[in-house]
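Q: My structure is stored as upload20.txt, with compact mmCIF, C-alpha atoms.
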# COMPACT_ATOMS: atom_id res chain seq x y z
CA MET N 215 -90.61 93.58 -151.98
CA SER N 216 -91.57 97.14 -151.02
CA ALA N 217 -92.71 99.41 -153.84
CA ILE N 218 -90.59 102.16 -152.25
CA SER N 219 -87.14 101.65 -150.73
CA VAL N 220 -85.91 103.36 -147.56
CA GLY N 221 -83.57 105.54 -149.64
CA GLN N 222 -86.42 106.63 -151.88
CA ALA N 223 -88.53 107.27 -148.80
CA VAL N 224 -85.89 109.70 -147.50
CA VAL N 225 -85.95 111.64 -150.79
CA LEU N 226 -89.74 111.73 -150.88
CA GLY N 227 -89.86 112.75 -147.21
CA VAL N 228 -87.62 115.73 -147.96
CA VAL N 229 -89.76 116.71 -150.95
CA GLU N 230 -92.95 116.41 -148.91
CA GLY N 231 -91.53 118.38 -145.99
CA VAL N 232 -90.27 121.22 -148.15
CA THR N 233 -93.35 121.56 -150.36
CA GLU N 234 -96.39 120.67 -148.21
CA PHE N 235 -96.95 124.16 -146.88
CA LEU N 236 -95.26 126.19 -149.59
CA PRO N 237 -97.78 127.15 -152.31
CA VAL N 238 -96.03 125.03 -154.94
CA SER N 239 -97.96 121.71 -154.71
CA SER N 240 -96.49 118.91 -152.64
CA THR N 241 -98.54 116.33 -154.59
CA GLY N 242 -97.19 117.61 -157.87
CA HIS N 243 -93.60 117.54 -156.64
CA LEU N 244 -94.02 114.07 -155.18
CA LYS N 245 -95.43 112.74 -158.44
CA ILE N 246 -92.62 114.34 -160.45
CA THR N 247 -89.99 112.92 -158.06
CA GLU N 248 -91.61 109.47 -158.14
CA GLY N 249 -91.63 109.57 -161.92
CA LEU N 250 -87.93 110.50 -162.06
CA MET N 251 -87.15 107.57 -159.72
CA ASN N 252 -89.27 105.22 -161.87
CA ILE N 253 -91.82 104.71 -159.10
CA PRO N 254 -95.31 104.14 -160.59
CA VAL N 255 -97.27 107.25 -159.61
CA ASP N 256 -100.64 105.54 -160.07
CA ASP N 257 -99.77 102.50 -157.92
CA LYS N 258 -102.27 102.24 -155.05
CA SER N 259 -99.56 101.76 -152.44
CA VAL N 260 -97.56 104.72 -153.74
CA VAL N 261 -100.63 106.98 -153.59
CA GLY N 262 -101.18 105.76 -150.04
CA PHE N 263 -97.53 106.38 -149.13
CA SER N 264 -97.76 109.98 -150.33
CA ALA N 265 -100.83 110.57 -148.16
CA VAL N 266 -99.33 108.91 -145.08
CA ILE N 267 -96.06 110.88 -145.03
CA GLN N 268 -98.16 114.06 -145.05
CA VAL N 269 -98.92 113.20 -141.43
CA GLY N 270 -95.27 113.98 -140.64
CA ALA N 271 -95.72 117.47 -142.06
CA ILE N 272 -98.96 117.90 -140.13
CA ALA N 273 -97.18 116.83 -136.94
CA ALA N 274 -94.70 119.65 -137.60
CA VAL N 275 -97.63 122.11 -137.68
CA LEU N 276 -98.96 120.71 -134.40
CA VAL N 277 -95.58 121.18 -132.73
CA TYR N 278 -94.86 124.59 -134.26
CA PHE N 279 -98.28 126.02 -133.39
CA PHE N 280 -98.74 124.02 -130.19
CA LYS N 281 -99.57 127.05 -128.02
CA ASP N 282 -102.11 128.37 -130.54
CA ILE N 283 -103.72 124.98 -131.03
CA LYS N 284 -103.86 124.33 -127.29
CA ARG N 285 -105.55 127.70 -126.79
CA ILE N 286 -108.13 127.04 -129.52
CA VAL N 287 -108.89 123.47 -128.43
CA THR N 288 -109.17 124.52 -124.77
CA ALA N 289 -111.60 127.31 -125.72
CA TRP N 290 -113.65 124.82 -127.74
CA PHE N 291 -113.98 122.36 -124.87
CA ARG N 292 -114.84 125.14 -122.42
CA GLY N 293 -117.44 126.49 -124.81
CA LEU N 294 -119.22 123.15 -124.92
CA THR N 295 -120.33 123.67 -121.31
CA ASP N 296 -119.87 127.41 -120.69
CA ARG N 297 -122.19 129.77 -122.59
CA GLU N 298 -119.91 132.77 -121.99
CA GLU N 299 -116.97 131.02 -123.68
CA ARG N 300 -119.00 130.64 -126.86
CA TYR N 301 -118.53 134.33 -127.61
CA HIS N 302 -114.76 133.85 -127.64
CA HIS N 303 -113.15 133.98 -131.11
CA ASP N 304 -111.08 130.84 -130.44
CA TYR N 305 -114.21 128.81 -129.66
CA LYS N 306 -115.90 129.94 -132.87
CA PHE N 307 -112.71 129.44 -134.88
CA ALA N 308 -112.51 125.78 -133.76
CA TRP N 309 -116.03 125.17 -135.10
CA TRP N 310 -115.18 126.99 -138.32
CA VAL N 311 -112.26 124.65 -138.95
CA ILE N 312 -114.53 121.64 -138.40
CA TYR N 313 -117.26 122.96 -140.70
CA ALA N 314 -114.76 124.05 -143.36
CA THR N 315 -113.27 120.54 -143.49
CA ILE N 316 -116.58 118.81 -144.32
CA PRO N 317 -116.68 119.79 -148.04
CA ILE N 318 -113.26 118.36 -148.85
CA VAL N 319 -114.06 115.13 -146.97
CA VAL N 320 -117.29 114.65 -148.93
CA VAL N 321 -115.69 115.39 -152.29
CA GLY N 322 -112.59 113.35 -151.47
CA LEU N 323 -114.61 110.22 -150.73
CA ALA N 324 -116.98 110.70 -153.69
CA ALA N 325 -114.28 111.46 -156.26
CA LYS N 326 -111.57 109.08 -155.01
CA PRO N 327 -111.61 106.87 -158.17
CA LEU N 328 -111.01 109.95 -160.33
CA ILE N 329 -108.40 111.39 -157.98
CA ASP N 330 -106.43 108.14 -157.90
CA GLY N 331 -106.95 107.57 -161.63
CA PRO N 332 -107.25 110.10 -164.51
CA LEU N 333 -106.78 113.20 -162.37
CA GLY N 334 -103.47 111.82 -161.10
CA SER N 335 -101.86 112.21 -164.54
CA LEU N 336 -98.70 114.30 -164.73
CA TRP N 337 -100.34 116.23 -167.58
CA VAL N 338 -102.96 117.38 -165.07
CA VAL N 339 -100.21 118.24 -162.58
CA ALA N 340 -98.36 120.37 -165.15
CA GLY N 341 -101.48 122.23 -166.22
CA SER N 342 -102.59 122.78 -162.63
CA LEU N 343 -99.19 124.15 -161.64
CA ILE N 344 -99.39 126.80 -164.35
CA LEU N 345 -103.08 127.62 -163.88
CA GLY N 346 -102.64 127.83 -160.12
CA SER N 347 -99.79 130.29 -160.65
CA VAL N 348 -102.09 132.62 -162.57
CA VAL N 349 -104.71 132.41 -159.80
CA MET N 350 -102.10 133.08 -157.11
CA TRP N 351 -100.66 136.10 -158.92
CA CYS N 352 -104.12 137.59 -159.48
CA ALA N 353 -105.09 136.99 -155.85
CA ASP N 354 -101.93 138.67 -154.55
CA GLN N 355 -102.57 141.68 -156.78
CA MET N 356 -106.30 141.89 -156.00
CA GLY N 357 -106.05 141.44 -152.24
CA ARG N 358 -105.84 144.56 -150.09
CA HIS N 359 -103.99 142.73 -147.28
CA LYS N 360 -105.82 144.75 -144.64
CA ARG N 361 -107.32 142.05 -142.39
CA GLY N 362 -105.44 140.11 -139.74
CA GLU N 363 -106.06 136.71 -138.18
CA ASP N 364 -108.41 138.12 -135.53
CA ASP N 365 -110.60 139.54 -138.29
CA THR N 366 -111.39 136.17 -139.87
CA SER N 367 -115.02 135.08 -140.01
CA PHE N 368 -117.06 131.93 -140.61
CA LYS N 369 -117.48 132.97 -144.24
CA ASP N 370 -113.70 133.29 -144.64
CA ALA N 371 -113.10 129.85 -143.17
CA MET N 372 -115.74 128.21 -145.41
CA TRP N 373 -114.46 129.83 -148.60
CA VAL N 374 -110.86 128.94 -147.78
CA GLY N 375 -111.82 125.42 -146.67
CA CYS N 376 -113.80 124.77 -149.86
CA SER N 377 -110.87 125.98 -151.98
CA GLN N 378 -108.93 122.91 -150.84
CA ILE N 379 -111.13 120.92 -153.22
CA LEU N 380 -109.30 122.51 -156.17
CA ALA N 381 -106.03 120.92 -155.06
CA LEU N 382 -107.77 117.64 -154.33
CA LEU N 383 -109.20 117.36 -157.84
CA PHE N 384 -106.28 118.95 -159.67
CA PRO N 385 -102.97 117.84 -158.11
CA GLY N 386 -100.49 120.53 -158.95
CA PHE N 387 -102.86 123.36 -158.07
CA SER N 388 -101.56 123.14 -154.48
CA ARG N 389 -103.69 123.04 -151.35
CA SER N 390 -101.59 125.78 -149.78
CA GLY N 391 -101.72 127.80 -152.98
CA ALA N 392 -105.50 127.47 -153.28
CA THR N 393 -106.19 128.33 -149.63
CA MET N 394 -103.73 131.23 -149.48
CA SER N 395 -105.01 132.67 -152.77
CA THR N 396 -108.61 132.50 -151.56
CA ALA N 397 -107.67 134.16 -148.27
CA LEU N 398 -105.86 136.94 -150.15
CA ILE N 399 -108.92 137.55 -152.34
CA LEU N 400 -110.88 137.93 -149.09
CA ASP N 401 -108.41 140.71 -148.15
CA LEU N 402 -106.54 138.85 -145.41
CA ASP N 403 -102.89 139.83 -145.12
CA ARG N 404 -100.26 137.33 -146.22
CA VAL N 405 -99.34 136.13 -142.71
CA ALA N 406 -103.01 135.64 -141.74
CA ALA N 407 -103.67 133.84 -145.03
CA THR N 408 -100.71 131.53 -144.43
CA ARG N 409 -101.65 130.73 -140.84
CA LEU N 410 -105.28 130.06 -141.80
CA SER N 411 -104.03 127.69 -144.49
CA PHE N 412 -101.98 125.82 -141.87
CA PHE N 413 -104.87 125.41 -139.42
CA LEU N 414 -107.37 124.29 -142.08
CA GLY N 415 -104.88 121.74 -143.38
CA ILE N 416 -104.55 119.90 -140.07
CA PRO N 417 -107.82 117.86 -140.08
CA ALA N 418 -107.93 117.35 -143.86
CA LEU N 419 -104.37 116.06 -144.25
CA THR N 420 -104.41 114.04 -141.03
CA GLY N 421 -107.64 112.34 -142.06
CA ALA N 422 -106.28 111.58 -145.53
CA GLY N 423 -103.12 110.04 -144.07
CA ILE N 424 -105.01 107.80 -141.65
CA TYR N 425 -107.48 106.77 -144.36
CA GLU N 426 -104.71 105.81 -146.81
CA LEU N 427 -102.53 103.99 -144.25
CA LYS N 428 -104.17 100.61 -144.89
CA ASP N 429 -103.59 100.89 -148.65
CA ALA N 430 -99.96 101.90 -148.23
CA LEU N 431 -99.16 99.00 -145.91
CA GLY N 432 -101.43 96.44 -147.50
CA ALA N 433 -100.55 97.06 -151.12
CA GLY N 434 -96.77 97.01 -151.18
CA VAL N 435 -95.03 99.68 -149.05
CA GLY N 436 -93.22 98.38 -146.01
CA ALA N 437 -93.45 99.84 -142.51
CA ALA N 438 -89.80 100.98 -142.57
CA PRO N 439 -90.10 103.25 -145.64
CA LEU N 440 -93.36 104.68 -144.26
CA ALA N 441 -91.76 105.45 -140.89
CA VAL N 442 -88.62 106.96 -142.42
CA GLY N 443 -90.56 109.07 -144.91
CA THR N 444 -92.87 110.39 -142.20
CA ILE N 445 -90.03 111.27 -139.80
CA VAL N 446 -88.00 113.03 -142.50
CA SER N 447 -91.13 114.89 -143.61
CA PHE N 448 -91.69 116.11 -140.03
CA VAL N 449 -88.18 117.48 -139.57
CA VAL N 450 -88.00 119.22 -142.94
CA ALA N 451 -91.58 120.58 -142.72
CA TYR N 452 -90.87 122.20 -139.35
CA ALA N 453 -88.00 124.18 -140.86
CA SER N 454 -90.12 124.99 -143.92
CA ILE N 455 -92.95 126.41 -141.80
CA ALA N 456 -90.59 128.68 -139.86
CA TRP N 457 -89.03 129.96 -143.07
CA LEU N 458 -92.36 130.54 -144.86
CA LEU N 459 -93.88 132.65 -142.07
CA LYS N 460 -90.81 134.90 -142.04
CA PHE N 461 -90.81 135.12 -145.84
CA VAL N 462 -94.46 136.10 -146.33
CA ALA N 463 -94.18 138.79 -143.65
CA LYS N 464 -91.90 140.79 -145.95
CA HIS N 465 -92.40 139.47 -149.50
CA SER N 466 -95.14 138.91 -152.07
CA PHE N 467 -95.93 135.48 -153.56
CA ASN N 468 -94.30 136.38 -156.90
CA ALA N 469 -91.30 134.11 -156.32
CA PHE N 470 -93.63 131.12 -155.92
CA VAL N 471 -95.60 132.14 -159.02
CA ILE N 472 -92.46 132.22 -161.16
CA TYR N 473 -91.17 128.95 -159.71
CA ARG N 474 -94.47 127.16 -160.37
CA ILE N 475 -94.58 128.33 -163.98
CA LEU N 476 -91.01 127.14 -164.56
CA ILE N 477 -91.69 123.75 -162.97
CA GLY N 478 -94.96 123.34 -164.89
CA ALA N 479 -93.34 124.25 -168.20
CA GLY N 480 -90.40 121.95 -167.47
CA LEU N 481 -92.77 119.10 -166.67
CA LEU N 482 -94.67 119.65 -169.92
CA GLY N 483 -91.36 119.42 -171.75
CA LEU N 484 -90.37 116.18 -170.01
CA LEU N 485 -93.75 114.65 -170.81
CA ALA N 486 -93.76 115.82 -174.43
CA THR N 487 -90.29 114.38 -175.06
CA GLY N 488 -91.10 111.08 -173.37
CA VAL N 489 -88.56 111.49 -170.58
CA LEU N 490 -91.42 111.06 -168.10
CA ASP N 491 -94.47 108.83 -168.44
CA ALA N 492 -97.71 110.59 -167.53
Translate the structure described by the file into structure tokens.
A:
Amino acid sequence: MSAISVGQAVVLGVVEGVTEFLPVSSTGHLKITEGLMNIPVDDKSVVGFSAVIQVGAIAAVLVYFFKDIKRIVTAWFRGLTDREERYHHDYKFAWWVIYATIPIVVVGLAAKPLIDGPLGSLWVVAGSLILGSVVMWCADQMGRHKRGEDDTSFKDAMWVGCSQILALLFPGFSRSGATMSTALILDLDRVAATRLSFFLGIPALTGAGIYELKDALGAGVGAAPLAVGTIVSFVVAYASIAWLLKFVAKHSFNAFVIYRILIGAGLLGLLATGVLDA
């Protein structure tokens, strides 16, 4: 019998799609939702399921930013054989994304037992939600928001890429929150910070989903729940991306900061009263 039903997969797909690219922690929200539905958050197949349905959200990024991605990938391939193309920003940006993904891959493989074990506790999620909120608020206040996407550099990409490790080790911190906060500290404007977060998430999240697929299928989650969860995640994530880019163009991240603190505090209360098992 599947560890996750089709109905539960729909709910988790919606949660994943809404929260993957918002700086509120998709992993934290998935773990909370799984706990409320009495799904064991530390079950190997459940951890795998959460990683696999992220691919649906990543597919939404690929579709939404298809023209940008096509331009960058085309420049990269041209630059492999044409010296002149190597001076193009898109060619360099493609390499930056590749280089910036290496740290999270190395840490993810080395620390996987900890990530799937002790660091997956809901206590860690609650603490990371609140701590990440403080970091995000400080970053939004500190950043001068004066640099656009065309002003990004190799150093920016590496710092932002490495910040993904925070979310990997401390679920609840939020990959989007960590990358956007780092980009803001580097003085990128909010739209540039958000777009950079999207592009850097593509290889990391896709790789994680493919890597975890065998565990999700082989350890108790059926193909139907996986397919449904991934499709729902794609549809909802597409709408979420469109909304977020419009939101950050005119607003600060304060609304997300407040929301994260409320969710973190609420989770601490549920854990302390025994309503949820860590």
Q: Distance atom CA of Tyr313 of chain N-atom CA of Ile416 of chain N, one decimal place?
A: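 These two atoms are separated by 13.1 Å.
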Q: At most 10 Å is the cut-off: for each residue in segment 413-449 of chain N with any atom that close to an atom of segment 387-390 of chain N, write down the nearest atom pair and the distance in Å rounded to one decimal, counting all atoms listed in the file, chain first then increasing number, as JSON lines.
A:
{"residue": "N:Leu414", "atom": "CA", "partner": "N:Ser390", "partner_atom": "CA", "distance": 9.7}
{"residue": "N:Gly415", "atom": "CA", "partner": "N:Arg389", "partner_atom": "CA", "distance": 8.2}
{"residue": "N:Leu419", "atom": "CA", "partner": "N:Arg389", "partner_atom": "CA", "distance": 10.0}
Q: Mind pulling up the distance from atom CA of Met350 of chain N to atom CA of Ala406 of chain N?
A: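 Answer for the atom CA of Ala406 of chain N to atom CA of Met350 of chain N separation: 15.6 Å.
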Q: Show me, as a Markdown table, the residues of segment 252-348 of chain N having an atom within 10 Å of segment 220-244 of chain N, each with the closest atom pair and its distance in Å, using only C-alpha atoms.
A:
| residue | atom | partner | partner_atom | distance |
| --- | --- | --- | --- | --- |
| N:Ile253 | CA | N:Gln222 | CA | 9.2 |
| N:Val255 | CA | N:Leu244 | CA | 8.8 |
| N:Val261 | CA | N:Thr241 | CA | 9.6 |
| N:Phe263 | CA | N:Ala223 | CA | 9.0 |
| N:Ser264 | CA | N:Leu244 | CA | 7.4 |
| N:Ala265 | CA | N:Thr241 | CA | 8.9 |
| N:Ile267 | CA | N:Gly227 | CA | 6.8 |
| N:Gln268 | CA | N:Glu230 | CA | 6.9 |
| N:Gly270 | CA | N:Gly231 | CA | 7.9 |
| N:Ala271 | CA | N:Gly231 | CA | 5.8 |
| N:Ile272 | CA | N:Glu234 | CA | 8.9 |
| N:Ala274 | CA | N:Gly231 | CA | 9.1 |
| N:Val275 | CA | N:Phe235 | CA | 9.5 |
| N:Gly334 | CA | N:Gly242 | CA | 9.1 |
| N:Ser335 | CA | N:Gly242 | CA | 9.8 |
| N:Leu336 | CA | N:Gly242 | CA | 7.8 |
| N:Val338 | CA | N:Gly242 | CA | 9.2 |
| N:Val339 | CA | N:Gly242 | CA | 5.6 |
| N:Ala340 | CA | N:Gly242 | CA | 7.9 |
| N:Ser342 | CA | N:Gly242 | CA | 8.9 |
| N:Leu343 | CA | N:Ser239 | CA | 7.4 |
| N:Gly346 | CA | N:Val238 | CA | 8.9 |
| N:Ser347 | CA | N:Val238 | CA | 8.6 |
Q: Got time to write the residues from that selection, C-alpha atoms, as an mmCIF file, keeping the file's coordinate frame?
A:
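The resulting again.cif:
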data_model
loop_
_atom_site.group_PDB
_atom_site.id
_atom_site.type_symbol
_atom_site.label_atom_id
_atom_site.label_comp_id
_atom_site.auth_asym_id
_atom_site.auth_seq_id
_atom_site.Cartn_x
_atom_site.Cartn_y
_atom_site.Cartn_z
ATOM 1 C CA ILE N 253 -91.820 104.710 -159.100
ATOM 2 C CA VAL N 255 -97.270 107.250 -159.610
ATOM 3 C CA VAL N 261 -100.630 106.980 -153.590
ATOM 4 C CA PHE N 263 -97.530 106.380 -149.130
ATOM 5 C CA SER N 264 -97.760 109.980 -150.330
ATOM 6 C CA ALA N 265 -100.830 110.570 -148.160
ATOM 7 C CA ILE N 267 -96.060 110.880 -145.030
ATOM 8 C CA GLN N 268 -98.160 114.060 -145.050
ATOM 9 C CA GLY N 270 -95.270 113.980 -140.640
ATOM 10 C CA ALA N 271 -95.720 117.470 -142.060
ATOM 11 C CA ILE N 272 -98.960 117.900 -140.130
ATOM 12 C CA ALA N 274 -94.700 119.650 -137.600
ATOM 13 C CA VAL N 275 -97.630 122.110 -137.680
ATOM 14 C CA GLY N 334 -103.470 111.820 -161.100
ATOM 15 C CA SER N 335 -101.860 112.210 -164.540
ATOM 16 C CA LEU N 336 -98.700 114.300 -164.730
ATOM 17 C CA VAL N 338 -102.960 117.380 -165.070
ATOM 18 C CA VAL N 339 -100.210 118.240 -162.580
ATOM 19 C CA ALA N 340 -98.360 120.370 -165.150
ATOM 20 C CA SER N 342 -102.590 122.780 -162.630
ATOM 21 C CA LEU N 343 -99.190 124.150 -161.640
ATOM 22 C CA GLY N 346 -102.640 127.830 -160.120
ATOM 23 C CA SER N 347 -99.790 130.290 -160.650
#
Q: How would you write as a list in words the residues that get within 12 Å of (-117.7, 121.8, -142.2) in the file's frame, counting all atoms listed in the file?
A: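 Here the neighbourhood of the point contains Phe307, Ala308, Trp309, Trp310, Val311, Ile312, Tyr313, Ala314, Thr315, Ile316, Pro317, Ile318, Val319, Val320, Phe368, Lys369, Ala371, Met372, Trp373, Val374, Gly375, Cys376, Leu414, Pro417 and Ala418 of chain N.
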Q: Atom CA of Val349 of chain N to atom CA of Thr420 of chain N: how many Å, to one decimal?
A: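 So the two atoms, atom CA of Val349 of chain N and atom CA of Thr420 of chain N, lie 26.3 Å apart.
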Q: In terms of the shortest atom-to-atom distance over only C-alpha atoms, which of N:Gly341, N:Gly423, N:Gly391, N:Pro385 is closest to Leu476 of chain N?
A: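 For Leu476 of chain N, the nearest of the candidates is N:Gly341.
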Q: Using only C-alpha atoms, pick whichever of N:Val287, N:Leu481, N:Ala392, N:Leu382 has the shortest atom-to-atom distance to Ala325 of chain N.
A: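 Selected residue with least distance to Ala325 of chain N: N:Leu382.
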Q: Let me make sure I understand: among N:Arg285, N:Arg474, N:Arg292, N:Arg404, which one has the smallest atom-to-atom distance to Gly386 of chain N if we use all atoms listed in the file?
A: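 Closest residue, counting all atoms listed in the file: N:Arg474.
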Q: Nearest residue to Trp337 of chain N out of N:Val260, N:Ala422, N:Phe413, N:Phe384, using all atoms listed in the file?
A: N:Phe384
Q: Smallest atom-to-atom distance to Glu299 of chain N: which of N:Leu276, N:Ile286, N:Ala438, N:Val405, using all atoms listed in the file?
A: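 Between N:Leu276, N:Ile286, N:Ala438, N:Val405, the residue approaching Glu299 of chain N most closely is N:Ile286.
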Q: Grab all the atoms of segment 460-468 of chain N that the file lists, wrap them in a box along x, y and z, add 3 Å per side, and give me centre plus edge lengths in Å (one decimal) as lines of an AutoDock Vina configuration file.
A:
center_x = -93.4
center_y = 137.8
center_z = -149.5
size_x = 11.1
size_y = 11.9
size_z = 20.9
Q: Counting only C-alpha atoms, which of N:Gly478, N:Gly322, N:Pro327, N:Gly249 gets nearest to Leu345 of chain N?
A: N:Gly478
Q: Using all atoms listed in the file, which protein or nucleic acid residues come within 12 Å of Gly357 of chain N? Drop anything in the same chain fewer than 6 positions from it, and give the result as a list in words.
A: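 Here the answer would be Val349, Met350, Trp351, Met394, Ser395, Thr396, Ala397, Leu398, Ile399, Leu400, Asp401, Leu402, Asp403, Arg404, Ala407, Ser466 and Phe467 of chain N.
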Q: Please output segment 226-234 of chain N, rebuilt to include all heavy atoms, as a compact mmCIF listing (two decimals), in the frame of the given file.
A:
# COMPACT_ATOMS: atom_id res chain seq x y z
N LEU N 226 -88.35 111.30 -150.82
CA LEU N 226 -89.74 111.73 -150.88
C LEU N 226 -90.16 112.46 -149.60
O LEU N 226 -90.97 113.39 -149.64
CB LEU N 226 -90.65 110.52 -151.12
CG LEU N 226 -90.48 109.85 -152.49
CD1 LEU N 226 -91.31 108.57 -152.57
CD2 LEU N 226 -90.89 110.80 -153.61
N GLY N 227 -89.59 112.05 -148.46
CA GLY N 227 -89.86 112.75 -147.21
C GLY N 227 -89.35 114.17 -147.24
O GLY N 227 -90.01 115.10 -146.74
N VAL N 228 -88.17 114.37 -147.82
CA VAL N 228 -87.62 115.73 -147.96
C VAL N 228 -88.51 116.57 -148.87
O VAL N 228 -88.84 117.72 -148.55
CB VAL N 228 -86.18 115.67 -148.51
CG1 VAL N 228 -85.70 117.08 -148.87
CG2 VAL N 228 -85.24 115.03 -147.51
N VAL N 229 -88.90 115.99 -150.00
CA VAL N 229 -89.76 116.71 -150.95
C VAL N 229 -91.08 117.09 -150.30
O VAL N 229 -91.56 118.23 -150.42
CB VAL N 229 -90.01 115.86 -152.21
CG1 VAL N 229 -91.04 116.52 -153.12
CG2 VAL N 229 -88.71 115.65 -152.98
N GLU N 230 -91.69 116.16 -149.59
CA GLU N 230 -92.95 116.41 -148.91
C GLU N 230 -92.80 117.50 -147.85
O GLU N 230 -93.61 118.43 -147.76
CB GLU N 230 -93.47 115.13 -148.25
CG GLU N 230 -94.56 115.31 -147.21
CD GLU N 230 -95.84 115.90 -147.77
OE1 GLU N 230 -96.08 115.76 -148.99
OE2 GLU N 230 -96.60 116.50 -146.98
N GLY N 231 -91.74 117.40 -147.05
CA GLY N 231 -91.53 118.38 -145.99
C GLY N 231 -91.31 119.78 -146.50
O GLY N 231 -91.83 120.75 -145.94
N VAL N 232 -90.55 119.90 -147.58
CA VAL N 232 -90.27 121.22 -148.15
C VAL N 232 -91.51 121.83 -148.79
O VAL N 232 -91.80 123.02 -148.64
CB VAL N 232 -89.14 121.13 -149.20
CG1 VAL N 232 -89.02 122.45 -149.97
CG2 VAL N 232 -87.82 120.79 -148.55
N THR N 233 -92.29 121.02 -149.50
CA THR N 233 -93.35 121.56 -150.36
C THR N 233 -94.76 121.53 -149.79
O THR N 233 -95.65 122.18 -150.35
CB THR N 233 -93.37 120.81 -151.71
OG1 THR N 233 -93.65 119.42 -151.47
CG2 THR N 233 -92.03 120.94 -152.42
N GLU N 234 -95.01 120.81 -148.70
CA GLU N 234 -96.39 120.67 -148.21
C GLU N 234 -97.05 122.00 -147.91
O GLU N 234 -98.21 122.22 -148.25
CB GLU N 234 -96.42 119.78 -146.96
CG GLU N 234 -97.83 119.58 -146.40
CD GLU N 234 -98.79 118.95 -147.40
OE1 GLU N 234 -98.50 117.85 -147.89
OE2 GLU N 234 -99.82 119.59 -147.71
